[in-house]
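First up is the structure itself, then whatever we jot down about it.
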Amino acid sequence: RENIQNTVKELNKYTNVKQGDTTLIANSITMKDGVIALAQAIEGKMEAYCVEPTNDIRIPYTGQDQNTIHWGLNYVYLTEAQVQQSSDVLHRIEKIAVETNGIKDETKELLISNNQDQMIYEIFSVKSFPIAVRKLNEENYSTIGNVNIIRSNDGQLIIDSPNFQERINTQKAVVINDDHTFRWLTSGEYLDDDNDTIINFDHIEEVLKPY
């Protein structure tokens, strides 16, 4: 419980939610993503609309003219499935946090093309629990909550958190910048374990192109 509170407090701070902001609880609170959404609302003192669990998000009717108001909700914590199945209303949400363990290209394209004024956050989760956050298309993740990040001998991200009984290898190649930030290796990068050096093949090809 303490780590959930610490995690959502840091997540609320990162996403800049404010007291009185409207949000939607669209996941069952028997599931971790539903618990996080509810805990965010409680800790942030947000005005929460609770609905039956659904992937098809609907904007709650507020009594205002839906054609004139811009944002229908200030903030929503969504899964990728909810983003995919709610594309027609995403433009009505001011801030969207997407819970993922590696966002799909089609989800990213849907969010980018949807509304340029929005703030979109990518929540990297392990076993559906938030570990780190970044703005969409930013390079580095910042850890949230009581999380230690370690790189394995073969360069993969290992998570150590009180939410898990043991350390978890995410099987994702990673560059750890410091105790709290990391980024994925891109498809054009290679980690030389012997020298602990990253080789960027895209850069090498760019340099060699004139020759």
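Letters A, B, ... go to the chains of the structure tokens in the order shown; residues in each chain start at 1; ligands are counted from 1 in the same order.
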Residues at most 10 Å from stretch 3-6 of chain A, counting only C-alpha atoms, excluding those fewer than 4 positions away in the same chain, as a count of residues only? 18
Extract, using only C-alpha atoms, all DNA, RNA and protein residues at most 10 Å from A:Ser152, discarding same-chain residues fewer than 4 positions from it, and format them as a list in words. Gln156, Leu157, Ile158, Asn169, Gln171, Ala173 and Val174 of chain A
Looking only at the backbone, which of the residues in stretch 7-190 of chain A does DSSP tag as strand (DSSP E or B), as a VMD selection string? chain A and resid 22 to 25 47 to 50 73 to 79 93 to 100 119 to 126 129 to 135 141 to 143 148 to 151 156 to 160 168 to 176 181 to 184 189 to 190
Mind pulling up the distance from atom CA of A:Glu2 to atom CA of A:Val17?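 Pair atom CA of A:Val17 / atom CA of A:Glu2 returns 20.1 Å.
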Env of stretch 94-104 of chain A: 7 Å cut, atoms = only C-alpha atoms, seq-sep filter 6 positions within chain, self excluded. Answer as a list in words.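 My list of contacting residues is Trp71, Leu73, Asn74, Tyr75, Val76, Tyr77, Leu78, Thr79, Glu80, Gln118, Met119, Ile120, Tyr121, Glu122, Ile123, Phe124, Ser125 and Val126 of chain A.
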Stretch 137-141 of chain A: which residues within 7 Å, counting only C-alpha atoms, same-chain residues fewer than 5 positions away excluded, as a list in words? Ala132, Thr181, Phe182 and Arg183 of chain A
Write out as a PyMOL selection string the set of residues from stretch 65-201 of chain A that DSSP, computed on the backbone, places in alpha helix (DSSP H). chain A and resi 80-85+105-114+201
Could you save the residues just selected, with all heavy atoms, as a compact mmCIF listing (two decimals), in the first residue's frame?
```txt
# COMPACT_ATOMS: atom_id res chain seq x y z
N GLU A 80 -3.42 0.09 -23.47
CA GLU A 80 -3.34 0.23 -24.93
C GLU A 80 -4.63 -0.25 -25.59
O GLU A 80 -5.07 0.33 -26.61
CB GLU A 80 -2.14 -0.54 -25.48
CG GLU A 80 -0.84 0.19 -25.29
CD GLU A 80 0.24 -0.28 -26.26
OE1 GLU A 80 0.07 -0.10 -27.49
OE2 GLU A 80 1.26 -0.82 -25.79
N ALA A 81 -5.26 -1.28 -25.06
CA ALA A 81 -6.51 -1.77 -25.63
C ALA A 81 -7.59 -0.69 -25.57
O ALA A 81 -8.36 -0.51 -26.52
CB ALA A 81 -6.97 -3.03 -24.89
N GLN A 82 -7.62 0.05 -24.47
CA GLN A 82 -8.61 1.13 -24.34
C GLN A 82 -8.32 2.26 -25.33
O GLN A 82 -9.25 2.83 -25.91
CB GLN A 82 -8.61 1.65 -22.91
CG GLN A 82 -9.23 0.68 -21.92
CD GLN A 82 -9.06 1.11 -20.48
OE1 GLN A 82 -8.02 1.63 -20.09
NE2 GLN A 82 -10.08 0.89 -19.67
N VAL A 83 -7.05 2.57 -25.54
CA VAL A 83 -6.69 3.59 -26.51
C VAL A 83 -7.15 3.16 -27.90
O VAL A 83 -7.76 3.93 -28.65
CB VAL A 83 -5.17 3.84 -26.50
CG1 VAL A 83 -4.76 4.72 -27.69
CG2 VAL A 83 -4.75 4.49 -25.19
N GLN A 84 -6.89 1.90 -28.27
CA GLN A 84 -7.23 1.39 -29.59
C GLN A 84 -8.74 1.41 -29.83
O GLN A 84 -9.19 1.69 -30.95
CB GLN A 84 -6.70 -0.04 -29.76
CG GLN A 84 -5.19 -0.15 -29.81
CD GLN A 84 -4.61 0.32 -31.13
OE1 GLN A 84 -5.33 0.56 -32.09
NE2 GLN A 84 -3.29 0.48 -31.17
N GLN A 85 -9.52 1.13 -28.80
CA GLN A 85 -10.97 0.99 -28.98
C GLN A 85 -11.74 2.27 -28.66
O GLN A 85 -12.97 2.28 -28.70
CB GLN A 85 -11.49 -0.16 -28.12
CG GLN A 85 -10.93 -1.51 -28.54
CD GLN A 85 -11.52 -2.66 -27.77
OE1 GLN A 85 -12.72 -2.68 -27.47
NE2 GLN A 85 -10.70 -3.65 -27.42
N ASP A 105 3.67 0.70 -32.23
CA ASP A 105 3.76 1.80 -33.19
C ASP A 105 2.37 2.31 -33.59
O ASP A 105 2.16 3.51 -33.72
CB ASP A 105 4.53 1.38 -34.44
CG ASP A 105 6.02 1.22 -34.18
OD1 ASP A 105 6.51 1.80 -33.18
OD2 ASP A 105 6.70 0.53 -34.96
N GLU A 106 1.41 1.39 -33.77
CA GLU A 106 0.07 1.81 -34.18
C GLU A 106 -0.63 2.62 -33.09
O GLU A 106 -1.38 3.55 -33.38
CB GLU A 106 -0.79 0.62 -34.60
CG GLU A 106 -0.91 -0.49 -33.57
CD GLU A 106 0.11 -1.60 -33.76
OE1 GLU A 106 1.23 -1.31 -34.23
OE2 GLU A 106 -0.21 -2.76 -33.44
N THR A 107 -0.35 2.27 -31.83
CA THR A 107 -0.92 3.05 -30.72
C THR A 107 -0.31 4.43 -30.69
O THR A 107 -1.01 5.44 -30.51
CB THR A 107 -0.66 2.34 -29.38
OG1 THR A 107 -1.16 1.01 -29.43
CG2 THR A 107 -1.33 3.09 -28.24
N LYS A 108 1.00 4.51 -30.88
CA LYS A 108 1.69 5.79 -30.88
C LYS A 108 1.19 6.68 -32.01
O LYS A 108 0.92 7.88 -31.81
CB LYS A 108 3.20 5.56 -31.01
CG LYS A 108 4.04 6.81 -30.83
CD LYS A 108 5.52 6.50 -30.98
CE LYS A 108 6.03 5.61 -29.88
NZ LYS A 108 7.52 5.46 -29.93
N GLU A 109 1.02 6.12 -33.19
CA GLU A 109 0.54 6.89 -34.34
C GLU A 109 -0.87 7.41 -34.09
O GLU A 109 -1.21 8.54 -34.44
CB GLU A 109 0.57 6.04 -35.60
CG GLU A 109 1.98 5.74 -36.11
CD GLU A 109 2.00 4.75 -37.26
OE1 GLU A 109 0.90 4.42 -37.75
OE2 GLU A 109 3.09 4.31 -37.64
N LEU A 110 -1.71 6.57 -33.47
CA LEU A 110 -3.08 6.97 -33.15
C LEU A 110 -3.10 8.15 -32.19
O LEU A 110 -3.84 9.11 -32.37
CB LEU A 110 -3.83 5.78 -32.55
CG LEU A 110 -5.29 6.01 -32.12
CD1 LEU A 110 -6.14 6.37 -33.32
CD2 LEU A 110 -5.83 4.77 -31.44
N LEU A 111 -2.25 8.11 -31.18
CA LEU A 111 -2.20 9.18 -30.19
C LEU A 111 -1.63 10.46 -30.78
O LEU A 111 -2.13 11.56 -30.50
CB LEU A 111 -1.36 8.73 -28.99
CG LEU A 111 -1.98 7.64 -28.12
CD1 LEU A 111 -0.93 7.02 -27.22
CD2 LEU A 111 -3.13 8.20 -27.30
N ILE A 112 -0.60 10.35 -31.60
CA ILE A 112 0.03 11.53 -32.17
C ILE A 112 -0.90 12.23 -33.14
O ILE A 112 -1.01 13.47 -33.17
CB ILE A 112 1.35 11.15 -32.88
CG1 ILE A 112 2.40 10.73 -31.83
CG2 ILE A 112 1.89 12.30 -33.71
CD1 ILE A 112 3.68 10.18 -32.43
N SER A 113 -1.62 11.45 -33.95
CA SER A 113 -2.50 12.04 -34.96
C SER A 113 -3.79 12.57 -34.36
O SER A 113 -4.53 13.31 -35.00
CB SER A 113 -2.84 11.00 -36.03
OG SER A 113 -3.57 9.91 -35.45
N ASN A 114 -4.04 12.21 -33.12
CA ASN A 114 -5.33 12.52 -32.51
C ASN A 114 -5.50 14.00 -32.15
O ASN A 114 -6.45 14.63 -32.53
CB ASN A 114 -5.51 11.67 -31.25
CG ASN A 114 -6.88 11.79 -30.65
OD1 ASN A 114 -7.86 11.53 -31.33
ND2 ASN A 114 -6.95 12.17 -29.40
N PHE A 201 24.98 1.84 -35.21
CA PHE A 201 25.18 1.49 -36.62
C PHE A 201 24.52 2.52 -37.55
O PHE A 201 25.01 2.75 -38.67
CB PHE A 201 24.63 0.10 -36.91
CG PHE A 201 25.47 -1.00 -36.31
CD1 PHE A 201 24.99 -1.79 -35.27
CD2 PHE A 201 26.76 -1.24 -36.77
CE1 PHE A 201 25.77 -2.79 -34.72
CE2 PHE A 201 27.55 -2.24 -36.22
CZ PHE A 201 27.05 -3.02 -35.19
```
Can you list, as a VMD selection string, every protein, DNA or RNA residue that comes within 7 Å of stretch 27-34 of chain A when you count only C-alpha atoms, leaving out same-chain residues fewer than 6 positions away? chain A and resid 53 to 54 128 to 129
Store the residues picked out above, limited to all heavy atoms, as a PDB file, in the first residue's frame.
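Below you can see part19.pdb, which holds the result:
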```pdb
ATOM      1  N   PRO A  53     -16.311  -1.686 -15.936  1.00  0.00           N
ATOM      2  CA  PRO A  53     -15.063  -1.903 -16.674  1.00  0.00           C
ATOM      3  C   PRO A  53     -15.323  -2.030 -18.176  1.00  0.00           C
ATOM      4  O   PRO A  53     -16.194  -2.788 -18.611  1.00  0.00           O
ATOM      5  CB  PRO A  53     -14.535  -3.217 -16.089  1.00  0.00           C
ATOM      6  CG  PRO A  53     -15.112  -3.258 -14.710  1.00  0.00           C
ATOM      7  CD  PRO A  53     -16.467  -2.630 -14.827  1.00  0.00           C
ATOM      8  N   THR A  54     -14.574  -1.252 -18.961  1.00  0.00           N
ATOM      9  CA  THR A  54     -14.786  -1.252 -20.410  1.00  0.00           C
ATOM     10  C   THR A  54     -13.527  -0.794 -21.132  1.00  0.00           C
ATOM     11  O   THR A  54     -12.743  -0.013 -20.583  1.00  0.00           O
ATOM     12  CB  THR A  54     -15.950  -0.317 -20.780  1.00  0.00           C
ATOM     13  OG1 THR A  54     -16.118  -0.306 -22.198  1.00  0.00           O
ATOM     14  CG2 THR A  54     -15.692   1.118 -20.312  1.00  0.00           C
ATOM     15  N   SER A 128       1.838  -5.195 -14.890  1.00  0.00           N
ATOM     16  CA  SER A 128       0.762  -4.200 -14.782  1.00  0.00           C
ATOM     17  C   SER A 128       0.975  -3.193 -13.662  1.00  0.00           C
ATOM     18  O   SER A 128       0.048  -2.465 -13.299  1.00  0.00           O
ATOM     19  CB  SER A 128      -0.615  -4.876 -14.607  1.00  0.00           C
ATOM     20  OG  SER A 128      -0.918  -5.667 -15.729  1.00  0.00           O
ATOM     21  N   PHE A 129       2.190  -3.118 -13.112  1.00  0.00           N
ATOM     22  CA  PHE A 129       2.467  -2.112 -12.083  1.00  0.00           C
ATOM     23  C   PHE A 129       3.418  -1.056 -12.643  1.00  0.00           C
ATOM     24  O   PHE A 129       4.455  -1.391 -13.228  1.00  0.00           O
ATOM     25  CB  PHE A 129       3.082  -2.752 -10.835  1.00  0.00           C
ATOM     26  CG  PHE A 129       3.076  -1.827  -9.657  1.00  0.00           C
ATOM     27  CD1 PHE A 129       1.991  -1.771  -8.809  1.00  0.00           C
ATOM     28  CD2 PHE A 129       4.152  -0.987  -9.419  1.00  0.00           C
ATOM     29  CE1 PHE A 129       1.977  -0.901  -7.731  1.00  0.00           C
ATOM     30  CE2 PHE A 129       4.145  -0.103  -8.349  1.00  0.00           C
ATOM     31  CZ  PHE A 129       3.048  -0.058  -7.502  1.00  0.00           C
TER      32      PHE A 129
END
```
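Distance-wise, atom CA of A:Lys13 and atom CA of A:Arg151 end up 26.8 Å apart.
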Rounded to one decimal, what separation in Å do you get between atom CA of A:Val8 and atom CA of A:Ser142?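 Spanning atom CA of A:Val8 to atom CA of A:Ser142 is a straight-line distance of 13.5 Å.
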Env of stretch 185-187 of chain A: 9 Å cut, atoms = only C-alpha atoms, seq-sep filter 3 positions within chain, self excluded. Answer as a VMD selection string. chain A and resid 172 to 175 190 to 191 198 200 202
Could you take the residues named above and write them with N, CA, C and O atoms, as a PDB file, in the first residue's frame?
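Result file again-v9.pdb:
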```pdb
ATOM      1  N   LYS A 172      14.519  -6.482 -21.802  1.00  0.00           N
ATOM      2  CA  LYS A 172      14.629  -5.325 -22.692  1.00  0.00           C
ATOM      3  C   LYS A 172      16.032  -4.733 -22.582  1.00  0.00           C
ATOM      4  O   LYS A 172      16.482  -4.404 -21.479  1.00  0.00           O
ATOM      5  N   ALA A 173      16.697  -4.591 -23.730  1.00  0.00           N
ATOM      6  CA  ALA A 173      18.042  -4.001 -23.743  1.00  0.00           C
ATOM      7  C   ALA A 173      17.946  -2.533 -23.368  1.00  0.00           C
ATOM      8  O   ALA A 173      17.094  -1.800 -23.871  1.00  0.00           O
ATOM      9  N   VAL A 174      18.833  -2.089 -22.490  1.00  0.00           N
ATOM     10  CA  VAL A 174      18.647  -0.782 -21.874  1.00  0.00           C
ATOM     11  C   VAL A 174      19.973  -0.071 -21.655  1.00  0.00           C
ATOM     12  O   VAL A 174      21.031  -0.698 -21.521  1.00  0.00           O
ATOM     13  N   VAL A 175      19.895   1.247 -21.622  1.00  0.00           N
ATOM     14  CA  VAL A 175      20.996   2.098 -21.191  1.00  0.00           C
ATOM     15  C   VAL A 175      20.544   2.793 -19.912  1.00  0.00           C
ATOM     16  O   VAL A 175      19.524   3.493 -19.915  1.00  0.00           O
ATOM     17  N   TYR A 190      24.004  -1.278 -30.786  1.00  0.00           N
ATOM     18  CA  TYR A 190      24.504  -2.560 -30.290  1.00  0.00           C
ATOM     19  C   TYR A 190      25.354  -2.302 -29.051  1.00  0.00           C
ATOM     20  O   TYR A 190      26.181  -1.387 -29.021  1.00  0.00           O
ATOM     21  N   LEU A 191      25.127  -3.093 -28.012  1.00  0.00           N
ATOM     22  CA  LEU A 191      25.873  -2.957 -26.764  1.00  0.00           C
ATOM     23  C   LEU A 191      27.050  -3.922 -26.755  1.00  0.00           C
ATOM     24  O   LEU A 191      26.871  -5.142 -26.796  1.00  0.00           O
ATOM     25  N   ILE A 198      28.268   1.464 -26.408  1.00  0.00           N
ATOM     26  CA  ILE A 198      27.163   1.344 -27.349  1.00  0.00           C
ATOM     27  C   ILE A 198      27.656   1.747 -28.737  1.00  0.00           C
ATOM     28  O   ILE A 198      28.212   2.834 -28.921  1.00  0.00           O
ATOM     29  N   ASN A 200      26.534   2.665 -32.455  1.00  0.00           N
ATOM     30  CA  ASN A 200      25.350   3.124 -33.188  1.00  0.00           C
ATOM     31  C   ASN A 200      25.576   2.901 -34.679  1.00  0.00           C
ATOM     32  O   ASN A 200      26.255   3.677 -35.347  1.00  0.00           O
ATOM     33  N   ASP A 202      23.419   3.119 -37.102  1.00  0.00           N
ATOM     34  CA  ASP A 202      22.777   4.154 -37.933  1.00  0.00           C
ATOM     35  C   ASP A 202      23.732   5.321 -38.149  1.00  0.00           C
ATOM     36  O   ASP A 202      23.825   5.878 -39.250  1.00  0.00           O
TER      37      ASP A 202
END
```
Would you pick out the contacts of A:Asp179 at 8 Å or less, using only C-alpha atoms, so that residues sharing its chain but fewer than 3 positions from it are not included, and give the list as a PDB file with all heavy atoms, in the first residue's frame?
```pdb
ATOM      1  N   ASN A 148      14.370   0.100  -7.842  1.00  0.00           N
ATOM      2  CA  ASN A 148      15.789   0.095  -8.188  1.00  0.00           C
ATOM      3  C   ASN A 148      15.943  -0.531  -9.567  1.00  0.00           C
ATOM      4  O   ASN A 148      15.328  -1.553  -9.872  1.00  0.00           O
ATOM      5  CB  ASN A 148      16.599  -0.708  -7.168  1.00  0.00           C
ATOM      6  CG  ASN A 148      16.641  -0.025  -5.812  1.00  0.00           C
ATOM      7  OD1 ASN A 148      16.791   1.189  -5.721  1.00  0.00           O
ATOM      8  ND2 ASN A 148      16.503  -0.806  -4.750  1.00  0.00           N
ATOM      9  N   ILE A 149      16.760   0.109 -10.410  1.00  0.00           N
ATOM     10  CA  ILE A 149      16.992  -0.404 -11.758  1.00  0.00           C
ATOM     11  C   ILE A 149      18.447  -0.847 -11.889  1.00  0.00           C
ATOM     12  O   ILE A 149      19.356  -0.162 -11.443  1.00  0.00           O
ATOM     13  CB  ILE A 149      16.636   0.634 -12.831  1.00  0.00           C
ATOM     14  CG1 ILE A 149      17.292   1.999 -12.535  1.00  0.00           C
ATOM     15  CG2 ILE A 149      15.132   0.789 -12.947  1.00  0.00           C
ATOM     16  CD1 ILE A 149      17.051   3.048 -13.617  1.00  0.00           C
ATOM     17  N   ILE A 176      21.253   2.590 -18.814  1.00  0.00           N
ATOM     18  CA  ILE A 176      20.900   3.252 -17.547  1.00  0.00           C
ATOM     19  C   ILE A 176      21.749   4.507 -17.410  1.00  0.00           C
ATOM     20  O   ILE A 176      22.985   4.439 -17.386  1.00  0.00           O
ATOM     21  CB  ILE A 176      21.110   2.300 -16.359  1.00  0.00           C
ATOM     22  CG1 ILE A 176      20.133   1.125 -16.446  1.00  0.00           C
ATOM     23  CG2 ILE A 176      20.931   3.045 -15.039  1.00  0.00           C
ATOM     24  CD1 ILE A 176      20.254   0.121 -15.315  1.00  0.00           C
TER      25      ILE A 176
END
```
